[in-house]
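Engineer: Structure supplied as work.pdb; contents: PDB, C-alpha atoms and all ligand atoms.
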ATOM      1  CA  MET D   1      -7.213  -2.062 -18.531
ATOM      2  CA  ASN D   2      -5.386  -5.321 -19.232
ATOM      3  CA  ALA D   3      -6.924  -8.577 -18.139
ATOM      4  CA  PRO D   4      -5.437  -9.709 -14.821
ATOM      5  CA  ASP D   5      -2.923 -12.563 -14.831
ATOM      6  CA  HIS D   6      -5.174 -14.719 -12.686
ATOM      7  CA  GLU D   7      -8.423 -16.503 -13.419
ATOM      8  CA  PRO D   8     -11.420 -14.173 -13.088
ATOM      9  CA  ILE D   9     -12.789 -14.097  -9.577
ATOM     10  CA  VAL D  10     -16.330 -15.343  -9.803
ATOM     11  CA  SER D  11     -17.572 -15.670  -6.250
ATOM     12  CA  ILE D  12     -17.821 -13.540  -3.146
ATOM     13  CA  PRO D  13     -15.936 -16.089  -0.988
ATOM     14  CA  GLU D  14     -13.062 -16.056  -3.490
ATOM     15  CA  LEU D  15     -12.916 -12.273  -3.417
ATOM     16  CA  LEU D  16     -13.077 -12.233   0.378
ATOM     17  CA  ALA D  17     -10.270 -14.786   0.658
ATOM     18  CA  HIS D  18      -8.043 -12.621  -1.517
ATOM     19  CA  ALA D  19      -9.000  -9.459   0.330
ATOM     20  CA  LEU D  20      -8.206 -11.067   3.669
ATOM     21  CA  GLU D  21      -4.727 -12.072   2.465
ATOM     22  CA  LEU D  22      -4.092  -8.657   1.037
ATOM     23  CA  GLU D  23      -5.173  -6.760   4.145
ATOM     24  CA  THR D  24      -3.291  -9.043   6.508
ATOM     25  CA  GLU D  25      -0.108  -8.651   4.493
ATOM     26  CA  SER D  26      -0.534  -4.861   4.400
ATOM     27  CA  ARG D  27      -1.073  -4.694   8.136
ATOM     28  CA  GLU D  28       2.156  -6.624   8.781
ATOM     29  CA  ARG D  29       4.162  -4.547   6.342
ATOM     30  CA  TYR D  30       2.862  -1.280   7.756
ATOM     31  CA  ARG D  31       3.766  -2.394  11.251
ATOM     32  CA  ASP D  32       7.320  -3.169  10.062
ATOM     33  CA  LEU D  33       7.550   0.172   8.321
ATOM     34  CA  ALA D  34       6.190   2.016  11.350
ATOM     35  CA  GLN D  35       8.789   0.378  13.571
ATOM     36  CA  CYS D  36      11.529   1.191  11.120
ATOM     37  CA  MET D  37      10.508   4.842  10.895
ATOM     38  CA  ALA D  38      10.231   5.122  14.674
ATOM     39  CA  LEU D  39      13.777   3.743  15.030
ATOM     40  CA  HIS D  40      15.018   6.314  12.556
ATOM     41  CA  ASN D  41      13.455   9.257  14.320
ATOM     42  CA  ASN D  42      10.608   9.790  11.908
ATOM     43  CA  PRO D  43       7.716   9.798  14.359
ATOM     44  CA  ASP D  44       5.297  11.458  11.959
ATOM     45  CA  VAL D  45       5.781   8.871   9.197
ATOM     46  CA  ALA D  46       5.728   6.152  11.861
ATOM     47  CA  ALA D  47       2.347   7.473  13.009
ATOM     48  CA  LEU D  48       1.060   7.503   9.421
ATOM     49  CA  PHE D  49       2.076   3.868   8.967
ATOM     50  CA  GLU D  50       0.465   2.917  12.282
ATOM     51  CA  GLN D  51      -2.691   4.545  10.991
ATOM     52  CA  MET D  52      -2.443   2.592   7.712
ATOM     53  CA  ALA D  53      -1.870  -0.637   9.656
ATOM     54  CA  GLY D  54      -5.053   0.250  11.528
ATOM     55  CA  TYR D  55      -6.999   0.658   8.280
ATOM     56  CA  SER D  56      -5.769  -2.725   7.074
ATOM     57  CA  GLU D  57      -6.773  -4.247  10.382
ATOM     58  CA  LEU D  58     -10.264  -2.728  10.113
ATOM     59  CA  HIS D  59     -10.636  -3.945   6.540
ATOM     60  CA  ALA D  60      -9.520  -7.411   7.495
ATOM     61  CA  ARG D  61     -12.078  -7.457  10.339
ATOM     62  CA  SER D  62     -14.910  -6.275   8.098
ATOM     63  CA  VAL D  63     -13.965  -8.880   5.491
ATOM     64  CA  GLU D  64     -14.127 -11.517   8.220
ATOM     65  CA  VAL D  65     -17.576 -10.297   9.209
ATOM     66  CA  ARG D  66     -18.765 -10.523   5.597
ATOM     67  CA  ALA D  67     -17.183 -13.945   5.310
ATOM     68  CA  GLN D  68     -19.194 -15.398   8.177
ATOM     69  CA  GLY D  69     -21.225 -18.313   6.942
ATOM     70  CA  TYR D  70     -19.052 -18.853   3.871
ATOM     71  CA  SER D  71     -16.139 -21.199   3.722
ATOM     72  CA  LEU D  72     -13.323 -19.291   2.096
ATOM     73  CA  PRO D  73     -11.191 -21.059  -0.505
ATOM     74  CA  ALA D  74      -7.493 -21.431   0.246
ATOM     75  CA  ILE D  75      -5.355 -19.284  -2.025
ATOM     76  CA  ALA D  76      -1.662 -19.115  -2.674
ATOM     77  CA  PRO D  77      -0.353 -16.754  -0.009
ATOM     78  CA  TRP D  78       2.470 -15.454  -2.205
ATOM     79  CA  ASP D  79      -0.097 -13.786  -4.442
ATOM     80  CA  PHE D  80      -0.207 -10.835  -2.095
ATOM     81  CA  LYS D  81       3.259 -10.363  -0.753
ATOM     82  CA  TRP D  82       4.383  -6.780  -1.071
ATOM     83  CA  ASN D  83       7.122  -6.160  -3.573
ATOM     84  CA  CYS D  84       9.533  -3.343  -4.306
ATOM     85  CA  PRO D  85       8.903  -0.541  -6.751
ATOM     86  CA  GLU D  86      10.319  -1.604 -10.091
ATOM     87  CA  GLY D  87      13.875  -0.745 -10.912
ATOM     88  CA  ARG D  88      14.614   0.322  -7.386
ATOM     89  CA  GLU D  89      18.164  -0.597  -6.430
ATOM     90  CA  THR D  90      18.088   0.772  -2.950
ATOM     91  CA  PRO D  91      17.246  -1.625  -0.176
ATOM     92  CA  CYS D  92      13.681  -2.651  -0.037
ATOM     93  CA  LEU D  93      11.772  -5.196   1.968
ATOM     94  CA  ASP D  94      14.528  -7.325   3.453
ATOM     95  CA  ASP D  95      16.531  -4.344   4.560
ATOM     96  CA  VAL D  96      13.618  -2.330   5.765
ATOM     97  CA  HIS D  97      15.284  -1.816   9.113
ATOM     98  CA  TYR D  98      18.562  -0.472   7.849
ATOM     99  CA  LEU D  99      18.765   2.083   5.151
ATOM    100  CA  MET D 100      15.279   3.008   4.233
ATOM    101  CA  ASN D 101      14.499   6.696   4.402
ATOM    102  CA  ARG D 102      11.134   8.442   4.681
ATOM    103  CA  ARG D 103      10.677   8.941   0.996
ATOM    104  CA  GLN D 104      11.556   5.323   0.116
ATOM    105  CA  ALA D 105       9.226   4.025   2.790
ATOM    106  CA  LEU D 106       6.361   6.160   1.507
ATOM    107  CA  GLU D 107       7.014   5.104  -2.071
ATOM    108  CA  LEU D 108       7.175   1.455  -1.141
ATOM    109  CA  ALA D 109       3.800   1.826   0.552
ATOM    110  CA  ARG D 110       2.271   3.719  -2.347
ATOM    111  CA  HIS D 111       3.558   1.144  -4.829
ATOM    112  CA  ASN D 112       1.846  -1.651  -2.935
ATOM    113  CA  GLU D 113      -1.375   0.289  -2.378
ATOM    114  CA  ILE D 114      -1.490   0.765  -6.156
ATOM    115  CA  ARG D 115      -1.054  -2.978  -6.614
ATOM    116  CA  GLY D 116      -3.944  -3.575  -4.228
ATOM    117  CA  ARG D 117      -6.130  -1.040  -5.992
ATOM    118  CA  ASP D 118      -5.314  -2.538  -9.394
ATOM    119  CA  PHE D 119      -6.089  -6.000  -8.140
ATOM    120  CA  TYR D 120      -9.561  -4.979  -6.953
ATOM    121  CA  ALA D 121     -10.176  -2.805 -10.013
ATOM    122  CA  GLY D 122      -9.239  -5.765 -12.235
ATOM    123  CA  VAL D 123     -11.713  -7.989 -10.413
ATOM    124  CA  ALA D 124     -14.381  -5.289 -10.727
ATOM    125  CA  ALA D 125     -13.734  -4.977 -14.462
ATOM    126  CA  PHE D 126     -13.457  -8.644 -15.331
ATOM    127  CA  SER D 127     -15.592 -10.629 -12.944
ATOM    128  CA  PRO D 128     -18.649 -12.025 -14.715
ATOM    129  CA  GLU D 129     -20.661 -11.687 -11.483
ATOM    130  CA  PRO D 130     -22.204  -8.246 -10.860
ATOM    131  CA  GLU D 131     -22.260  -8.777  -7.095
ATOM    132  CA  VAL D 132     -18.544  -9.588  -7.061
ATOM    133  CA  SER D 133     -17.781  -6.617  -9.323
ATOM    134  CA  ALA D 134     -19.677  -4.235  -7.063
ATOM    135  CA  LEU D 135     -17.871  -5.332  -3.907
ATOM    136  CA  ALA D 136     -14.500  -5.235  -5.667
ATOM    137  CA  ARG D 137     -15.255  -1.720  -6.916
ATOM    138  CA  GLU D 138     -15.924  -0.610  -3.324
ATOM    139  CA  MET D 139     -12.615  -2.122  -2.230
ATOM    140  CA  ALA D 140     -10.758  -0.523  -5.154
ATOM    141  CA  ASP D 141     -12.148   2.874  -4.104
ATOM    142  CA  GLU D 142     -10.892   2.389  -0.560
ATOM    143  CA  GLU D 143      -7.436   1.507  -1.848
ATOM    144  CA  GLN D 144      -7.516   4.576  -4.070
ATOM    145  CA  GLU D 145      -7.978   6.697  -0.941
ATOM    146  CA  HIS D 146      -4.843   5.135   0.533
ATOM    147  CA  VAL D 147      -2.927   5.768  -2.691
ATOM    148  CA  ASP D 148      -4.035   9.420  -2.598
ATOM    149  CA  LEU D 149      -3.058   9.844   1.038
ATOM    150  CA  LEU D 150       0.436   8.471   0.405
ATOM    151  CA  ALA D 151       0.785  10.596  -2.728
ATOM    152  CA  GLN D 152       0.059  13.680  -0.606
ATOM    153  CA  TRP D 153       2.773  12.732   1.863
ATOM    154  CA  ILE D 154       5.252  12.112  -0.948
ATOM    155  CA  ALA D 155       4.411  15.464  -2.543
ATOM    156  CA  ARG D 156       5.016  17.135   0.815
ATOM    157  CA  GLU D 157       8.392  15.386   1.174
ATOM    158  CA  LEU D 158       9.385  16.614  -2.279
ATOM    159  CA  ALA D 159       8.272  20.169  -1.508
ATOM    160  CA  GLN D 160      10.330  20.173   1.698
ATOM    161  CA  LEU D 161      13.328  18.878  -0.214
ATOM    162  CA  GLU D 162      13.012  21.730  -2.676
ATOM    163  CA  VAL D 163      12.975  24.304   0.090
ATOM    164  CA  LEU D 164      16.053  22.639   1.554
ATOM    165  CA  LEU D 165      17.870  22.744  -1.773
ATOM    166  CA  GLU D 166      16.950  26.378  -2.296
ATOM    167  CA  ASP D 167      18.438  27.239   1.058
ATOM    168  CA  LEU D 168      21.648  25.543   0.020
ATOM    169  CA  ASP D 169      21.972  27.676  -3.130
ATOM    170  CA  PRO D 170      24.564  30.390  -2.763
ATOM    171  CA  PRO D 171      22.976  33.804  -2.593
ATOM    172  CA  HIS D 172      22.714  35.462  -5.922
ATOM    173  CA  ILE D 173      25.318  38.157  -6.238
ATOM    174  CA  PRO D 174      24.707  40.664  -9.011
ATOM    175  CA  GLU D 175      27.829  41.470 -11.029
TER
HETATM  176 ZN    ZN U 201      -4.915   0.073   1.393
END
Using structure tokens, write down the structure that the file contains.
Structural biologist:
Amino acid sequence: MNAPDHEPIVSIPELLAHALELETESRERYRDLAQCMALHNNPDVAALFEQMAGYSELHARSVEVRAQGYSLPAIAPWDFKWNCPEGRETPCLDDVHYLMNRRQALELARHNEIRGRDFYAGVAAFSPEPEVSALAREMADEEQEHVDLLAQWIARELAQLEVLLEDLDPPHIPE
């Protein structure tokens, strides 16, 4: 694993401050995505994103509980804004309400869950403090579960697409 492009996180309050930003951003993005999918008649994906927003909300609350009694450092909020999967030319965050389809929405979510996981995994690997590493490892594992869940949904989308394409094939006529 490459060293992260930020200073190593050395204290629990620092880790909690970052986690709070990350979870709050995820919750907002998932709510946007859920709304978008609901508008486009994708109630099942909308429900998934509502569920993910709920997880982020729960994580944020549990981070706040852990943070009681600490004063959390202020961090640059742009550190944890979601971004678009690399090389993607189709509309991404700003146009979330227009042209995004199910598959793009799921991939956008997976991409950012992977970023979250990698952030925590990087802290776990590089923090000099064992206590910080252990908590970051726990958080990385939770993010991995989200990555896996989204990967399952994407795999299902792809499988459905294949069935659709097969149906479109002209029947095979022997000569
Ligand atoms: Zn997550």
Engineer: Expressed in Å to a single decimal, how great is the separation between CA of Leu58 in chain D and CA of Asp118 in chain D?
Structural biologist: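 Distance between the two atoms: 20.1 Å.
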Engineer: Carefully work through the PyMOL selection byres (((chain D and resi 133) around 10) and not hetatm) for this structure and note down the residues it includes, as a PyMOL selection string.
Structural biologist: chain D and resi 9-12+15+120-132+134-139
Engineer: Considering all atoms listed in the file, state which residue in the set D:Glu145, D:Glu162, D:Glu23, D:Glu157 is at the smallest distance from Ser56 in chain D.
Structural biologist: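 Under the stated criterion, the closest residue is D:Glu23.
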Engineer: Hey, what's within 12 Å of Arg156 in chain D if we count only C-alpha atoms and toss same-chain stuff fewer than 4 positions away? As a short mmCIF file (atom, residue, chain, number, x, y, z; two decimals) with C-alpha atoms, keeping the file's coordinate frame, please?
Structural biologist:
data_model
loop_
_atom_site.label_atom_id
_atom_site.label_comp_id
_atom_site.auth_asym_id
_atom_site.auth_seq_id
_atom_site.Cartn_x
_atom_site.Cartn_y
_atom_site.Cartn_z
CA VAL D 45 5.78 8.87 9.20
CA ARG D 102 11.13 8.44 4.68
CA ARG D 103 10.68 8.94 1.00
CA LEU D 106 6.36 6.16 1.51
CA LEU D 149 -3.06 9.84 1.04
CA LEU D 150 0.44 8.47 0.40
CA ALA D 151 0.78 10.60 -2.73
CA GLN D 152 0.06 13.68 -0.61
CA GLN D 160 10.33 20.17 1.70
CA LEU D 161 13.33 18.88 -0.21
CA GLU D 162 13.01 21.73 -2.68
CA VAL D 163 12.98 24.30 0.09
#
Engineer: Report, in Å to a single decimal, how far apart CA of Arg117 in chain D and CA of Ala67 in chain D are.
Structural biologist: 20.4 Å
Engineer: Could you check the closest approach to ligand ZN 201 (chain U) for each of D:Leu165, D:Ala34, D:Ile75, D:Leu20 and tell me which residue wins, using only C-alpha atoms and all ligand atoms?
Structural biologist: D:Leu20
Engineer: Which residues of chain D have any atom within 9 Å of an atom in ligand ZN 201 (chain U) when counting all atoms listed in the file, and what is the closest pair of atoms for each, with the distance in Å to one decimal? Order the rows by chain and rising number and write it as CSV.
Structural biologist:
residue,atom,partner,partner_atom,distance
D:Leu22,CA,U:ZN201,ZN,8.8
D:Glu23,CA,U:ZN201,ZN,7.4
D:Ser26,CA,U:ZN201,ZN,7.3
D:Met52,CA,U:ZN201,ZN,7.2
D:Ala53,CA,U:ZN201,ZN,8.8
D:Tyr55,CA,U:ZN201,ZN,7.2
D:Ser56,CA,U:ZN201,ZN,6.4
D:His59,CA,U:ZN201,ZN,8.7
D:Ala109,CA,U:ZN201,ZN,8.9
D:Arg110,CA,U:ZN201,ZN,8.9
D:Asn112,CA,U:ZN201,ZN,8.2
D:Glu113,CA,U:ZN201,ZN,5.2
D:Ile114,CA,U:ZN201,ZN,8.3
D:Gly116,CA,U:ZN201,ZN,6.8
D:Arg117,CA,U:ZN201,ZN,7.6
D:Met139,CA,U:ZN201,ZN,8.8
D:Ala140,CA,U:ZN201,ZN,8.8
D:Glu142,CA,U:ZN201,ZN,6.7
D:Glu143,CA,U:ZN201,ZN,4.3
D:Gln144,CA,U:ZN201,ZN,7.5
D:Glu145,CA,U:ZN201,ZN,7.7
D:His146,CA,U:ZN201,ZN,5.1
D:Val147,CA,U:ZN201,ZN,7.3
Engineer: Name the closest residue to Glu7 in chain D among the candidates D:Gln68, D:Asp32, D:Phe119, D:Ala46; distances are taken between atoms, counting all atoms listed in the file.
Structural biologist: D:Phe119
Engineer: Which distance in Å separates CA of Arg31 in chain D and CA of Ala159 in chain D, to one decimal?
Structural biologist: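 Computed distance, CA of Arg31 in chain D to CA of Ala159 in chain D, equals 26.3 Å.
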Engineer: Provide an axis-aligned box for all listed atoms of range 18-29 of chain D, padding each side by 6 Å; report its centre and its edge lengths in Å to one decimal, as lines of an AutoDock Vina configuration file.
Structural biologist:
center_x = -2.4
center_y = -8.6
center_z = 3.6
size_x = 25.2
size_y = 20.1
size_z = 22.3
Engineer: Check the smallest atom-to-atom distance from each of D:Leu48, D:Leu16, D:Leu158, D:Cys36 to Glu64 in chain D using only C-alpha atoms, then report the winner.
Structural biologist: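 Of all the options, D:Leu16 lies closest to Glu64 in chain D.
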Engineer: When you count only C-alpha atoms, which of these residues is closest to Ala105 in chain D: D:Thr24, D:Pro85, D:Arg66, D:Asp148?
Structural biologist: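 The shortest atom-to-atom distance to Ala105 in chain D comes from D:Pro85.
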Engineer: With distances taken over only C-alpha atoms, which residue among D:Glu28, D:Ala155, D:Lys81, D:Glu14 lies nearest Glu107 in chain D?
Structural biologist: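 Nearest to Glu107 in chain D: D:Ala155.
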